[in-house]
file work-v2.cif (mmCIF, C-alpha atoms and all ligand atoms)
data_entry
loop_
_atom_site.group_PDB
_atom_site.id
_atom_site.type_symbol
_atom_site.label_atom_id
_atom_site.label_comp_id
_atom_site.auth_asym_id
_atom_site.auth_seq_id
_atom_site.Cartn_x
_atom_site.Cartn_y
_atom_site.Cartn_z
ATOM 1 C CA MET A 241 7.422 -106.495 -7.759
ATOM 2 C CA GLU A 242 4.970 -105.955 -4.972
ATOM 3 C CA VAL A 243 3.992 -102.354 -4.212
ATOM 4 C CA LYS A 244 3.931 -101.581 -0.527
ATOM 5 C CA PRO A 245 4.741 -98.603 1.724
ATOM 6 C CA GLY A 246 8.467 -97.930 1.899
ATOM 7 C CA CYS A 247 9.292 -99.361 -1.548
ATOM 8 C CA THR A 248 11.008 -97.080 -4.038
ATOM 9 C CA PHE A 249 10.373 -96.915 -7.765
ATOM 10 C CA GLY A 250 12.842 -94.609 -9.426
ATOM 11 C CA ARG A 251 12.600 -91.421 -7.411
ATOM 12 C CA LEU A 252 9.254 -92.286 -5.909
ATOM 13 C CA ARG A 253 8.908 -93.693 -2.428
ATOM 14 C CA VAL A 254 5.572 -95.296 -1.657
ATOM 15 C CA LEU A 255 3.801 -93.691 1.320
ATOM 16 C CA ARG A 256 0.335 -95.166 1.651
ATOM 17 C CA LYS A 257 -2.606 -96.587 -0.232
ATOM 18 C CA GLY A 258 -4.668 -94.221 -2.310
ATOM 19 C CA ARG A 259 -7.995 -94.625 -4.052
ATOM 20 C CA SER A 260 -8.955 -97.760 -5.899
ATOM 21 C CA ASP A 261 -11.570 -98.951 -8.322
ATOM 22 C CA SER A 262 -12.638 -102.351 -9.550
ATOM 23 C CA LYS A 263 -9.519 -102.728 -11.682
ATOM 24 C CA HIS A 264 -6.790 -100.498 -10.326
ATOM 25 C CA LEU A 265 -5.147 -99.364 -7.168
ATOM 26 C CA TRP A 266 -3.376 -96.066 -6.581
ATOM 27 C CA TRP A 267 -0.590 -95.314 -4.127
ATOM 28 C CA TRP A 268 0.499 -92.016 -2.666
ATOM 29 C CA CYS A 269 4.188 -91.539 -3.421
ATOM 30 C CA GLN A 270 6.743 -88.906 -2.605
ATOM 31 C CA CYS A 271 9.448 -87.824 -5.027
ATOM 32 C CA SER A 272 13.027 -87.568 -3.830
ATOM 33 C CA CYS A 273 13.659 -84.386 -5.839
ATOM 34 C CA PRO A 274 14.049 -81.019 -4.020
ATOM 35 C CA LYS A 275 10.342 -80.363 -4.599
ATOM 36 C CA GLN A 276 9.476 -83.465 -2.504
ATOM 37 C CA ALA A 277 6.225 -83.553 -4.425
ATOM 38 C CA VAL A 278 3.592 -86.054 -3.379
ATOM 39 C CA LYS A 279 1.369 -87.596 -6.016
ATOM 40 C CA GLU A 280 -1.019 -90.467 -6.450
ATOM 41 C CA VAL A 281 0.285 -93.081 -8.890
ATOM 42 C CA ARG A 282 -1.376 -96.182 -10.230
ATOM 43 C CA ALA A 283 0.229 -99.408 -9.017
ATOM 44 C CA ASP A 284 0.787 -100.861 -12.482
ATOM 45 C CA SER A 285 2.500 -97.650 -13.655
ATOM 46 C CA LEU A 286 4.903 -98.030 -10.748
ATOM 47 C CA ARG A 287 5.552 -101.698 -11.422
ATOM 48 C CA CYS A 288 6.190 -101.344 -15.160
ATOM 49 C CA GLY A 289 8.330 -98.246 -14.638
ATOM 50 C CA ALA A 290 6.148 -95.885 -16.671
ATOM 51 C CA ILE A 291 6.145 -93.361 -13.831
ATOM 52 C CA ARG A 292 9.341 -92.926 -11.857
ATOM 53 C CA SER A 293 9.118 -89.349 -10.554
ATOM 54 C CA CYS A 294 6.785 -86.447 -9.908
ATOM 55 C CA GLY A 295 7.561 -85.332 -13.474
ATOM 56 C CA CYS A 296 10.965 -83.890 -12.637
ATOM 57 C CA LEU A 297 12.861 -86.666 -14.438
ATOM 58 C CA HIS A 298 11.157 -85.856 -17.705
ATOM 59 C CA ARG A 299 11.751 -82.136 -17.280
ATOM 60 C CA GLU A 300 15.425 -82.743 -16.569
ATOM 61 C CA MET A 301 15.762 -85.017 -19.555
ATOM 62 C CA MET A 302 14.236 -82.405 -21.808
ATOM 63 C CA SER A 303 16.547 -79.664 -20.640
ATOM 64 C CA ARG A 304 19.577 -81.961 -20.776
ATOM 65 C CA ARG A 305 18.978 -82.519 -24.456
ATOM 66 C CA GLY A 306 20.155 -78.980 -25.037
ATOM 67 C CA ASN A 307 16.665 -77.907 -25.931
ATOM 68 C CA HIS A 308 17.053 -74.433 -24.580
ATOM 69 C CA PHE A 309 17.497 -72.117 -27.498
ATOM 70 C CA THR A 310 18.650 -68.545 -27.479
ATOM 71 C CA PRO A 311 16.849 -65.861 -29.480
ATOM 72 C CA GLY A 312 18.213 -65.599 -32.977
ATOM 73 C CA THR A 313 18.832 -69.335 -33.431
ATOM 74 C CA LYS A 314 17.599 -70.527 -36.808
ATOM 75 C CA PHE A 315 15.834 -73.767 -37.691
ATOM 76 C CA GLY A 316 14.978 -73.994 -41.352
ATOM 77 C CA ARG A 317 12.865 -70.911 -42.006
ATOM 78 C CA LEU A 318 12.221 -70.198 -38.338
ATOM 79 C CA THR A 319 14.153 -67.739 -36.231
ATOM 80 C CA ILE A 320 13.591 -67.890 -32.488
ATOM 81 C CA ILE A 321 12.349 -64.677 -30.943
ATOM 82 C CA LYS A 322 11.773 -65.792 -27.362
ATOM 83 C CA GLU A 323 10.676 -68.658 -25.163
ATOM 84 C CA THR A 324 7.019 -68.500 -24.269
ATOM 85 C CA THR A 325 5.960 -68.962 -20.677
ATOM 86 C CA ALA A 326 3.305 -71.515 -21.545
ATOM 87 C CA LYS A 327 4.526 -75.067 -21.202
ATOM 88 C CA ARG A 328 2.379 -77.697 -22.750
ATOM 89 C CA LYS A 329 2.979 -81.439 -22.902
ATOM 90 C CA GLY A 330 6.253 -81.051 -21.057
ATOM 91 C CA HIS A 331 7.865 -79.122 -23.895
ATOM 92 C CA ARG A 332 9.357 -75.713 -24.050
ATOM 93 C CA TRP A 333 7.564 -73.522 -26.552
ATOM 94 C CA TYR A 334 9.148 -70.801 -28.587
ATOM 95 C CA LEU A 335 7.758 -67.850 -30.401
ATOM 96 C CA CYS A 336 9.476 -67.740 -33.787
ATOM 97 C CA ARG A 337 9.312 -65.671 -36.891
ATOM 98 C CA CYS A 338 9.125 -67.480 -40.197
ATOM 99 C CA ASP A 339 11.017 -66.238 -43.244
ATOM 100 C CA CYS A 340 7.650 -65.652 -44.894
ATOM 101 C CA GLY A 341 6.889 -63.068 -42.192
ATOM 102 C CA LYS A 342 4.360 -65.005 -40.137
ATOM 103 C CA PRO A 343 4.845 -65.721 -36.436
ATOM 104 C CA ALA A 344 4.720 -69.298 -35.213
ATOM 105 C CA THR A 345 4.730 -70.899 -31.781
ATOM 106 C CA VAL A 346 6.562 -74.206 -31.873
ATOM 107 C CA SER A 347 7.826 -76.753 -29.378
ATOM 108 C CA ASN A 348 11.453 -77.584 -28.819
ATOM 109 C CA GLY A 349 10.726 -81.198 -29.772
ATOM 110 C CA GLY A 350 9.810 -80.321 -33.324
ATOM 111 C CA LEU A 351 12.789 -78.021 -33.688
ATOM 112 C CA VAL A 352 15.282 -80.605 -32.469
ATOM 113 C CA ASN A 353 14.042 -83.543 -34.477
ATOM 114 C CA GLY A 354 13.635 -81.356 -37.542
ATOM 115 C CA SER A 355 9.927 -81.907 -38.101
ATOM 116 C CA THR A 356 9.184 -78.193 -37.675
ATOM 117 C CA LYS A 357 10.980 -75.960 -40.148
ATOM 118 C CA SER A 358 8.467 -73.244 -40.925
ATOM 119 C CA CYS A 359 5.128 -71.741 -39.943
ATOM 120 C CA GLY A 360 3.558 -74.274 -42.282
ATOM 121 C CA CYS A 361 4.378 -72.454 -45.496
ATOM 122 C CA LEU A 362 7.171 -74.854 -46.397
ATOM 123 C CA TYR A 363 4.835 -77.802 -46.136
ATOM 124 C CA ARG A 364 2.186 -76.109 -48.221
ATOM 125 C CA GLN A 365 4.764 -75.246 -50.844
ATOM 126 C CA THR A 366 6.430 -78.637 -51.087
ATOM 127 C CA ARG A 367 3.144 -80.500 -50.978
ATOM 128 C CA ARG A 368 2.012 -78.517 -53.966
ATOM 129 C CA THR A 369 4.966 -79.418 -56.121
ATOM 130 C CA ALA A 370 6.332 -82.681 -54.714
ATOM 131 C CA GLY A 371 6.438 -85.382 -57.301
ATOM 132 C CA TRP A 372 4.546 -83.320 -59.846
ATOM 133 C CA LYS A 373 6.886 -82.692 -62.774
ATOM 134 C CA HIS A 374 4.365 -80.462 -64.480
ATOM 135 C CA GLY A 375 4.051 -78.308 -61.348
ATOM 136 C CA LYS A 376 0.286 -78.611 -61.206
ATOM 137 C CA SER A 377 -1.214 -78.552 -57.775
ATOM 138 C CA PRO A 378 -2.282 -82.042 -56.839
ATOM 139 C CA VAL A 379 -5.361 -80.729 -55.094
ATOM 140 C CA GLY A 380 -9.017 -80.813 -55.971
ATOM 141 C CA ARG A 381 -9.999 -80.744 -59.571
ATOM 142 C CA LYS A 382 -6.532 -80.922 -61.016
ATOM 143 C CA ILE A 383 -6.059 -84.276 -59.329
ATOM 144 C CA ALA A 384 -9.173 -85.438 -61.092
ATOM 145 C CA VAL A 385 -7.792 -84.250 -64.418
ATOM 146 C CA TYR A 386 -4.513 -85.977 -63.736
ATOM 147 C CA SER A 387 -6.177 -89.258 -62.882
ATOM 148 C CA ALA A 388 -8.234 -89.010 -66.062
ATOM 149 C CA TYR A 389 -5.016 -88.384 -67.997
ATOM 150 C CA TYR A 390 -3.337 -91.358 -66.370
ATOM 151 C CA ARG A 391 -6.327 -93.640 -66.872
ATOM 152 C CA GLU A 392 -6.934 -92.832 -70.532
ATOM 153 C CA ARG A 393 -3.260 -93.048 -71.340
ATOM 154 C CA SER A 394 -2.995 -96.457 -69.686
ATOM 155 C CA LEU A 395 -6.090 -97.719 -71.498
ATOM 156 C CA CYS A 396 -4.434 -96.911 -74.800
ATOM 157 C CA ARG A 397 -0.885 -97.884 -74.050
ATOM 158 C CA ASN A 398 -0.763 -100.551 -71.370
ATOM 159 C CA PRO A 399 -1.816 -103.977 -72.679
ATOM 160 C CA ASN A 400 -1.622 -105.437 -69.176
ATOM 161 C CA ILE A 401 -4.633 -103.636 -67.738
ATOM 162 C CA PRO A 402 -8.299 -104.611 -67.974
ATOM 163 C CA PHE A 403 -10.281 -103.043 -70.853
ATOM 164 C CA PHE A 404 -7.171 -102.389 -72.918
ATOM 165 C CA GLU A 405 -8.785 -104.485 -75.643
ATOM 166 C CA TYR A 406 -11.532 -101.851 -76.040
ATOM 167 C CA TYR A 407 -9.045 -99.007 -76.387
ATOM 168 C CA GLY A 408 -5.405 -99.515 -77.370
ATOM 169 C CA GLY A 409 -6.330 -103.063 -78.361
ATOM 170 C CA ARG A 410 -8.532 -101.794 -81.193
ATOM 171 C CA GLY A 411 -6.218 -99.076 -82.374
ATOM 172 C CA ILE A 412 -7.410 -96.108 -80.292
ATOM 173 C CA GLU A 413 -4.500 -93.791 -79.685
ATOM 174 C CA PHE A 414 -3.722 -91.405 -76.876
ATOM 175 C CA ARG A 415 -2.420 -88.362 -78.724
ATOM 176 C CA PHE A 416 -1.049 -86.206 -75.959
ATOM 177 C CA ASN A 417 2.647 -86.104 -75.151
ATOM 178 C CA ASN A 418 2.419 -84.927 -71.572
ATOM 179 C CA PHE A 419 0.044 -83.770 -68.884
ATOM 180 C CA PRO A 420 0.351 -79.987 -69.479
ATOM 181 C CA GLU A 421 -0.715 -80.526 -73.087
ATOM 182 C CA PHE A 422 -3.653 -82.643 -71.951
ATOM 183 C CA TYR A 423 -4.614 -80.205 -69.219
ATOM 184 C CA GLN A 424 -4.533 -77.272 -71.593
ATOM 185 C CA THR A 425 -6.925 -79.089 -73.889
ATOM 186 C CA VAL A 426 -9.495 -80.434 -71.438
ATOM 187 C CA GLY A 427 -9.205 -77.901 -68.593
ATOM 188 C CA ASP A 428 -10.413 -78.430 -65.045
ATOM 189 C CA LYS A 429 -13.078 -80.940 -64.224
ATOM 190 C CA PRO A 430 -16.157 -78.681 -64.094
ATOM 191 C CA ASP A 431 -18.052 -80.749 -61.557
ATOM 192 C CA PRO A 432 -17.221 -83.743 -59.351
ATOM 193 C CA ASP A 433 -19.954 -85.668 -61.147
ATOM 194 C CA CYS A 434 -18.448 -85.184 -64.579
ATOM 195 C CA TRP A 435 -16.195 -87.493 -66.437
ATOM 196 C CA LEU A 436 -14.173 -87.302 -69.569
ATOM 197 C CA MET A 437 -15.657 -88.832 -72.724
ATOM 198 C CA ARG A 438 -14.880 -88.908 -76.391
ATOM 199 C CA LEU A 439 -17.505 -87.406 -78.677
ATOM 200 C CA ASP A 440 -16.743 -90.065 -81.246
ATOM 201 C CA SER A 441 -16.315 -93.273 -79.306
ATOM 202 C CA ASP A 442 -14.304 -94.788 -82.143
ATOM 203 C CA GLY A 443 -12.054 -91.741 -82.303
ATOM 204 C CA HIS A 444 -8.729 -91.210 -80.639
ATOM 205 C CA PHE A 445 -8.024 -89.385 -77.408
ATOM 206 C CA GLU A 446 -7.075 -86.117 -79.019
ATOM 207 C CA LYS A 447 -7.880 -82.447 -79.137
ATOM 208 C CA GLY A 448 -11.446 -81.824 -80.200
ATOM 209 C CA ASN A 449 -12.697 -85.286 -79.306
ATOM 210 C CA LEU A 450 -12.698 -84.952 -75.516
ATOM 211 C CA HIS A 451 -15.434 -83.427 -73.390
ATOM 212 C CA TRP A 452 -16.512 -83.468 -69.789
ATOM 213 C CA VAL A 453 -19.993 -84.921 -69.475
ATOM 214 C CA LYS A 454 -22.269 -85.458 -66.556
ATOM 215 C CA ARG A 455 -22.541 -88.985 -65.235
ATOM 216 C CA GLY A 456 -25.838 -90.889 -65.349
ATOM 217 C CA LYS A 457 -28.873 -88.946 -64.129
ATOM 218 C CA LYS A 458 -29.634 -91.602 -61.536
ATOM 219 C CA ARG A 459 -27.276 -89.911 -59.144
ATOM 220 C CA LYS A 460 -29.370 -86.716 -59.030
ATOM 221 C CA PRO A 461 -32.842 -86.309 -57.468
ATOM 222 C CA LYS A 462 -35.559 -86.224 -60.114
ATOM 223 C CA LYS A 463 -36.978 -82.781 -59.377
ATOM 224 C CA LYS A 464 -33.664 -81.141 -60.115
ATOM 225 C CA LYS A 465 -33.424 -82.749 -63.530
ATOM 226 C CA ALA A 466 -35.187 -79.962 -65.405
ATOM 227 C CA THR A 467 -33.366 -77.017 -63.896
ATOM 228 C CA GLN A 468 -29.890 -78.374 -63.491
ATOM 229 C CA VAL A 469 -27.740 -77.458 -66.445
ATOM 230 C CA SER A 470 -24.098 -77.786 -65.666
ATOM 231 C CA SER A 471 -21.412 -75.876 -67.409
ATOM 232 C CA CYS A 472 -20.121 -79.025 -69.019
ATOM 233 C CA GLN A 473 -23.499 -79.761 -70.556
ATOM 234 C CA LYS A 474 -23.634 -76.230 -71.914
ATOM 235 C CA ASP A 475 -20.284 -76.801 -73.555
ATOM 236 C CA ILE A 476 -21.588 -79.810 -75.380
ATOM 237 C CA ARG A 477 -24.597 -77.896 -76.699
ATOM 238 C CA LEU A 478 -22.375 -75.144 -77.978
ATOM 239 C CA ALA A 479 -19.928 -77.537 -79.527
HETATM 240 ZN ZN ZN B 501 10.413 -84.906 -8.498
HETATM 241 ZN ZN ZN B 502 6.244 -69.307 -43.204
#

call {"tool": "encode", "arguments": {"input": "work-v2.cif", "output": "structure tokens"}}
result
Amino acid sequence: MEVKPGCTFGRLRVLRKGRSDSKHLWWWCQCSCPKQAVKEVRADSLRCGAIRSCGCLHREMMSRRGNHFTPGTKFGRLTIIKETTAKRKGHRWYLCRCDCGKPATVSNGGLVNGSTKSCGCLYRQTRRTAGWKHGKSPVGRKIAVYSAYYRERSLCRNPNIPFFEYYGGRGIEFRFNNFPEFYQTVGDKPDPDCWLMRLDSDGHFEKGNLHWVKRGKKRKPKKKKATQVSSCQKDIRLA
């Protein structure tokens, strides 16, 4: 549809031509709402229907959704204290108190669709335990220990993976029943550059035969070689 003065697009009535650049053309439009606001709108936004008002339509839609909450209303762990005056991104914002005691400022959108249920504490809590039967935090070094556990166990027990023939295939056993047992034995990965090795490479994966060792020295600059003694290397010397 051609844009020309007098045409209407939603609530906007086209008044006159606005600025233009090499690609786009803007038109001054007036909204039919009580504010009678005048704004410059790009022609293609008018034609495709992306912009149909001065912004009043969106505001009305938001308030029609019942997004006005009274103090005391609860959403998950959040209790609404009051509406804040700041309005960002067309949302109403509420100051809430979380059950954990922290304040949080959240938008009505998140409250209605259920994506906001706490100050962030719920997320941190569930992320820590979700899917982890043993309750170990899946962050940082413990992840590394878990992936070592998973890898070694697979090498010994899963004939369908590469390199099984060098492990389970030649009788090497993985002698831990679960991750907590494994974790208790090997502990945290002392350094990102360490990996888990057996002292006796023909021995089983079992208590006493597993140690964290530093990967090849190539990865470190030469001058540091003499001074750098990691805790895992110390362990091996003591062992
Ligand atoms: Zn309007
Ligand atoms: Zn909280």

call {"tool": "resolve_selection", "arguments": {"input": "work-v2.cif", "expression": "the PyMOL selection byres (((chain A and resi 258) around 8) and not hetatm)", "output": "number ranges by chain"}}
result
A: 256-257, 259-260, 265-268, 280

call {"tool": "closest_atom_pairs", "arguments": {"input": "work-v2.cif", "of": "chain A", "to": "ligand ZN 502 (chain B)", "cutoff": "6 Å", "atoms": "only C-alpha atoms and all ligand atoms", "output": "tab-separated table"}}
result
residue	atom	partner	partner_atom	distance
A:Cys338	CA	B:ZN502	ZN	4.5
A:Asp339	CA	B:ZN502	ZN	5.7
A:Cys340	CA	B:ZN502	ZN	4.3
A:Lys342	CA	B:ZN502	ZN	5.6
A:Ser358	CA	B:ZN502	ZN	5.1
A:Cys359	CA	B:ZN502	ZN	4.2
A:Gly360	CA	B:ZN502	ZN	5.7
A:Cys361	CA	B:ZN502	ZN	4.3

call {"tool": "atom_distance", "arguments": {"input": "work-v2.cif", "atom1": "CA of Glu242 (chain A)", "atom2": "CA of Gly289 (chain A)"}}
result
12.8 Å

call {"tool": "closest_residue", "arguments": {"input": "work-v2.cif", "among": "A:Arg393, A:Arg317, A:Arg438, A:His331", "to": "Asn418 (chain A)", "atoms": "only C-alpha atoms"}}
result
A:Arg393

call {"tool": "resolve_selection", "arguments": {"input": "work-v2.cif", "expression": "the PyMOL selection byres (((not hetatm)) within 12 of (chain B and resi 501))", "output": "list of chain:residue names"}}
result
A:Gly250, A:Arg251, A:Leu252, A:Arg253, A:Cys269, A:Gln270, A:Cys271, A:Ser272, A:Cys273, A:Pro274, A:Lys275, A:Gln276, A:Ala277, A:Val278, A:Lys279, A:Ile291, A:Arg292, A:Ser293, A:Cys294, A:Gly295, A:Cys296, A:Leu297, A:His298, A:Arg299, A:Glu300

call {"tool": "atom_distance", "arguments": {"input": "work-v2.cif", "atom1": "CA of Tyr423 (chain A)", "atom2": "CA of Gly411 (chain A)"}}
result
23.1 Å
